[in-house]
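**Q** One structure coming up, written as structure tokens, with questions to follow.
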Amino acid sequence: MKMPEADKRVLARRSEIVAALRAIVPGEGVIDREDELRAYESDGLSAYRILPMIVVLPSTTDQVSRVLRYCHENGIKVVPRGAGTSLSGGALPLGDGVLLGLGKFNRIIEIDYDNRAVRAQPGVTNLGITNAVQHRGFYYAPDPSSQIACTIGGNVAENSGGVHCLKYGLTTNNVLGLEMVLVSGEVIRLGGKALDDAGFDLVGLMNGSEGLLGVVTEVTVRILPKPETARAMLIGFPTNEDAGACVARIMAAGIIPGGLEMMDRPAIHAAEDFVHAGYPLDVEALLIAELDGPEAEVDHLIERVGTIARDCNAMSIRVSESDEERLRFWAGRKAAFPATGRIAPDYYCMDGTIPRKKLSEVLHRIGEMSAHYGLKVANVFHAGDGNLHPLILYDANKPGDLDTAEEFGAEILKLCVEVGGVLTGEHGVGVEKRDLMEVQFEEVDLDQQQRVKCAFDPESLLNPGKMFPKLHRCAEMGRMHVHRGQLPFPDIPRF
Amino acid sequence: MTTRLKPDNADQVVDAVKWAASEGVPLELVGGGSMRTLGRPLQTEHVLDISGLSGVLLYEPEELVVSALPGTPIAELEAVLAEKGQHLAFEPPDLSALLGAADAPGGNRRGTLGGVVACNLAGPRRIHAGAVRDHVLGLSGVSGRGDAYKTGGRVFKNVTGYDLSKLMTGSYGTLSALTQITVKALPRPETVRTLLLHGLGDADGIAALTAALQTPYEVSGAAHLPAAAARRSAVPDVSGAGGAVTAIRLEGIAASVFYRLEHLPARLGPAAANGVTELGFPASDRFWREVRDVASLIPADTLVWRLSVPPAAGPAVVAALDDLDPAGSLFDWGGGLVWLALAPGAKEDGGAAAIRAAVKSTAGEGHATLIRAPGSLRAGVPVFQPQPPELAALTGRIKQSFDPQRALNPGRLYADI
């Protein structure tokens with residue numbers, strides 16, 4: 001993976017930069033010793049490692065503003081980082097860049113039950129928000145599997161999902177307001193506890209912008225009352241086709257389950273061996289369907305989903321009888337990644353989204369690719385929203401294995417785009433899928449995205465080397481070739 | 001001379017925008033024409049009429065997705081979805097009566113998909129199902145540079161690149177002319193019922209709605225009509241009650257709706273002590289259409305403001321505006337959306353300064369939009385909440401990144417955008 005070339009002039013000024021940053025963030029907030037910098041050299045995509053030039057850990061918005069203004073004025077690149085759980089290399093440092101860690105922003109600022117909103121600093125963990133409000137019967141809906149560790153600021157940067165987002169939305173649908181700092185140091189507040197904002201929807205734009213547009217220093221999220229009842233069903237099928245058909249029939253029947261997950265045979269076995277969730281081992285595909293709401297509604301929906309499943313050749317149906325059992329059903333799914341990690345030395349997690357109806361076709365072709373590349377694969381699938389996570393099994397100690405896995409992964413993502421889907425559903429582009437962006441987008445699409453980037457960060461100092469396969473100068477992007485005197489549109493009907 | 005360009009396809013939209021940008025002749029974007037008076041008045045001579053780009057391109061009910069051209073009338077789209085038991089869950093309002101466009105020549109009352117997306121207009125179900133911006137999955141557009149680009153896709157979960165669909169939604173046509181829009185098509189609830197509380201003051205009414213929204217009963221409509229607004233309703237159970245009406249909508253499968261209807265009153269506190277009544281079907285639908293479309297619940301020939309504030313602060317903001325002697329008001333979104341009618345001429349600035357000051361001092365945050373007013377007033381006072389300088393500058397740079405020649409709806413949102 002090629003990253004932007006290190007700026008030798010910046011590296012030559014390292015000690016001067018450290019001193020300047022210490023003047024802004026005193027004490028232990030500036031890290032420059034190599035042994036301490038090591039802790040920050042990679043994120044959740046651990047195949048990539050780069051030692052950052054300097055790590056800065058500010059604790060106030062004012063410090064963030066002054067750090068950014070200093071870096072901006074001195075042409076120094078900045079990579080923002082939350083908990084570092086990105087699976088796409090979104091927080092991969094730069095050798096000539098400042099890594100800006102938001103870990104000290106770990107306070108919940110306000111809980112407002114009347115307006116059903118929480119204001120939190122970006123370093124608060126995803127689960128930390130739910131933990132703070134659950135005694136009053138509320139929760140924060142998006143629940144990425146890394147929710148114990150990942151932060152709400154990182155969730156905004158990546159627009160994180162989880163297993164409940166079909167019914168309750170992604171991060172972007174649950175964030176009401178932001179405070180952020182532009183690379184110029186300007187502090188901007190957007191939205192709040194009101195349900196909409198005036199002007200362009202910059203909160204919507206910031207969600208999923210992968211730290212390229214600004215540094216988020218405060219997040220206002222909406223919290224929801226916890227459903228009275230939730231029960232999960234484990235449904236086993238003889239083929240992936242049957243499971244896929246069942247998902248389509250559930251949707252067509254007007255049922256939106258709280259969660260609807262699918263696992264294929266290798267994933268079922270790995271998860272069962274690991275957490276003993278009670279998954280059936282004689283099936284090719286397993287659906288976990290969670291229905292939530294008042295008990296009367298849940299009972300009714302379980303019956304309807306059961307009927308549909310039997311019509312789709314279900315081999316086994318189990319319904320959770322207690323909340324403990326429901327959580328056990330989920331434990332296998334939520335541990336699917338580490339469970340897969342036990343059956344192979346390494347695994348590479350992919351994240352494409354496809355139209356649901358293409359599922360069996362895509363799984364079939366992934367099977368063919370698996371044979372071609374000689375690497376096994378286990379599939380877990382957010383079946384409700386079409387987000388597929390193939391886990392490619394490989395051995396990093398075997399020469400060439402990682403390259404093969406990456407090639408295989410790229411083929412899978414190209415396939416997702418080919419069938420009408422997208423490169424990434426929730427993990428982000430980062431460095432990982434950067435060079436595949438041209439598979440999904442035309443140059444004109446990416447140029448417009450880069451022009452938006454230029455509106456926020458004209459020198460391209462914030463998280464460069466992520467998301468865009470080519471870096472253009474903003475001056476060049478802004479140029480518009482105007483040809484006066486062209487014959488205006490002879491074909492358009494006029495009145 | 002005014003030219004009205006009516007393209008038949010996206011290529012012609014490109015030609016039109018390129019011409020406008022190169023000749024320096026900005027365009028007013030028009031779909032059904034129902035919302036032409038929403039926003040600052042335009043000084044443009046030429047019109048880009050998108051209504052020729054009409055029709056559903058792809059509809060896959062089991063995938064919960066529909067893709068259509070921007071000029072597709074909302075009524076037509078809703079009819080297509082209804083055949084499969086689905087709908088646009090954000091409940092797009094019909095503001096034609098409110099905006100006096102009901103009889104606009106050649107217009108269509110409900111407006112077009114493109115117009116609804118451009119204005120990010122959602123109805124009462126916004127509190128439960130989200131705003132328009134939460135339902136747009138992807139789109140194609142032509143920037144003010146004349147570039148035809150796409151963003152997003154047709155799947156629910158997609159974080160590939162910046163979410164420009166959100167940026168377009170609610171941009172009032174100032175960044176791009178949209179040429180294709182893909183949105184979620186969600187199941188239509190099979191049963192609807194509405195609980196009514198009677199005779200509550202604004203503060204007590206909103207307190208009851210707050211209590212309802214704190215339960216897990218998935219309230220999908222939460223409105224409070226002061227007595228004057230309730231009297232105007234065409235639903236007898238609402239107008240005949242002789243006082244304020246506070247309404248809570250429950251939707252879903254029958255068993256669930258009836259369970260929630262039975263258990264909700266006990267969770268509403270003292271507000272429900274005087275008893276609750278119930279609206280069945282179709283009265284429920286009729287009532288929520290009135291709330292959604294606003295016009296029939298407030299006096300005609302008034303100035304109309306739309307305030308968006310933290311929901312629990314709604315009544316305090318209105319109380320702080322007593323001096324303006326409002327001609328009418330009503331609360332939606334659990335108090336977070338306030339419609340305020342003022343007698344024309346009550347204040348030189350249409351109440352702009354007083355209303356924005358009350359929002360700031362009482363709610364601490366939120367914004368106010370002048371929805372209905374004569375063009376001269378909309379030209380003279382900021383129609384949309386003015387932005388702090390840093391945000392205004394950023395907004396300007398974003399406009400520049402899409403539309404450097406200011407070819408599309410210039411001045412519609414803010415004077416220099």
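We label chains A, B, ... in the order they appear in the structure tokens, count residues from 1 in each chain, and number ligands from 1 in the order shown.
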I'd like the neighbourhood of region 175-188 of chain A as a list in words, where a residue qualifies if any of its atoms comes within 7 Å (using only C-alpha atoms), though same-chain residues fewer than 5 positions away should be ignored.
**A**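 Within the cut-off, the hits are Ser65, Arg66, Leu68, Arg69, His72, Lys193, Leu195, Val203, Gly214, Val215, Val216, Thr217, Glu218, Val219, Thr220, Val221, Arg222, Phe456, Asp457 and Leu462 of chain A; Glu390 and Leu391 of chain B.
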**Q** Selection from above, C-alpha atoms, as a PDB file, in the first residue's frame, can you write it?
**A**
```pdb
ATOM      1  CA  SER A  65      -8.018  23.795  17.740  1.00  0.00           C
ATOM      2  CA  ARG A  66      -4.532  25.116  18.531  1.00  0.00           C
ATOM      3  CA  LEU A  68      -4.649  21.855  14.175  1.00  0.00           C
ATOM      4  CA  ARG A  69      -3.977  25.532  13.538  1.00  0.00           C
ATOM      5  CA  HIS A  72      -2.061  23.841   9.260  1.00  0.00           C
ATOM      6  CA  LYS A 193     -31.100  18.280  20.220  1.00  0.00           C
ATOM      7  CA  LEU A 195     -34.497  17.059  14.960  1.00  0.00           C
ATOM      8  CA  VAL A 203     -23.764  16.375  10.229  1.00  0.00           C
ATOM      9  CA  GLY A 214     -12.535  17.728  10.468  1.00  0.00           C
ATOM     10  CA  VAL A 215     -11.894  16.493  13.990  1.00  0.00           C
ATOM     11  CA  VAL A 216     -15.057  15.811  15.989  1.00  0.00           C
ATOM     12  CA  THR A 217     -14.837  17.048  19.592  1.00  0.00           C
ATOM     13  CA  GLU A 218     -18.435  16.489  20.762  1.00  0.00           C
ATOM     14  CA  VAL A 219     -21.310  14.300  19.609  1.00  0.00           C
ATOM     15  CA  THR A 220     -25.045  14.563  20.378  1.00  0.00           C
ATOM     16  CA  VAL A 221     -26.833  11.248  19.811  1.00  0.00           C
ATOM     17  CA  ARG A 222     -30.442  10.253  20.231  1.00  0.00           C
ATOM     18  CA  PHE A 456     -12.767  21.696   4.346  1.00  0.00           C
ATOM     19  CA  ASP A 457      -9.049  21.085   3.936  1.00  0.00           C
ATOM     20  CA  LEU A 462      -6.124  15.825   7.341  1.00  0.00           C
TER      21      LEU A 462
ATOM     22  CA  GLU B 390     -17.100  30.225  10.314  1.00  0.00           C
ATOM     23  CA  LEU B 391     -20.057  28.054   9.301  1.00  0.00           C
TER      24      LEU B 391
END
```
**Q** With DSSP run on the backbone, what are the strand (DSSP E) residues within region 112-227 of chain B? I'd like them as a PyMOL selection string.
**A** chain B and resi 136-143+148-152+176-184+186-187+191-198+219-225
**Q** I want to know what sits within 9 Å of Ala254 (chain B), based on only C-alpha atoms, with residues of the same chain fewer than 6 positions away left out; could you give that as a PyMOL selection string?
**A** (chain A and resi 297) or (chain B and resi 190-192)
**Q** What is the CA of Glu23 (chain B)-CA of Thr174 (chain B) distance in Å, reported with one decimal?
**A**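 These two atoms are separated by 17.7 Å.
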**Q** Tell me which of A:Arg473, A:His389, A:Lys226, A:Lys376 sits closest to chain B, counting only C-alpha atoms.
**A**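 Closest to chain B, using only C-alpha atoms: A:Lys226.
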**Q** Which is closer to Arg231 (chain B) than all the others in B:Pro299, B:Gly170, B:Gly205, B:Pro7, using only C-alpha atoms?
**A**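 Distance minimum relative to Arg231 (chain B) lands on B:Pro299.
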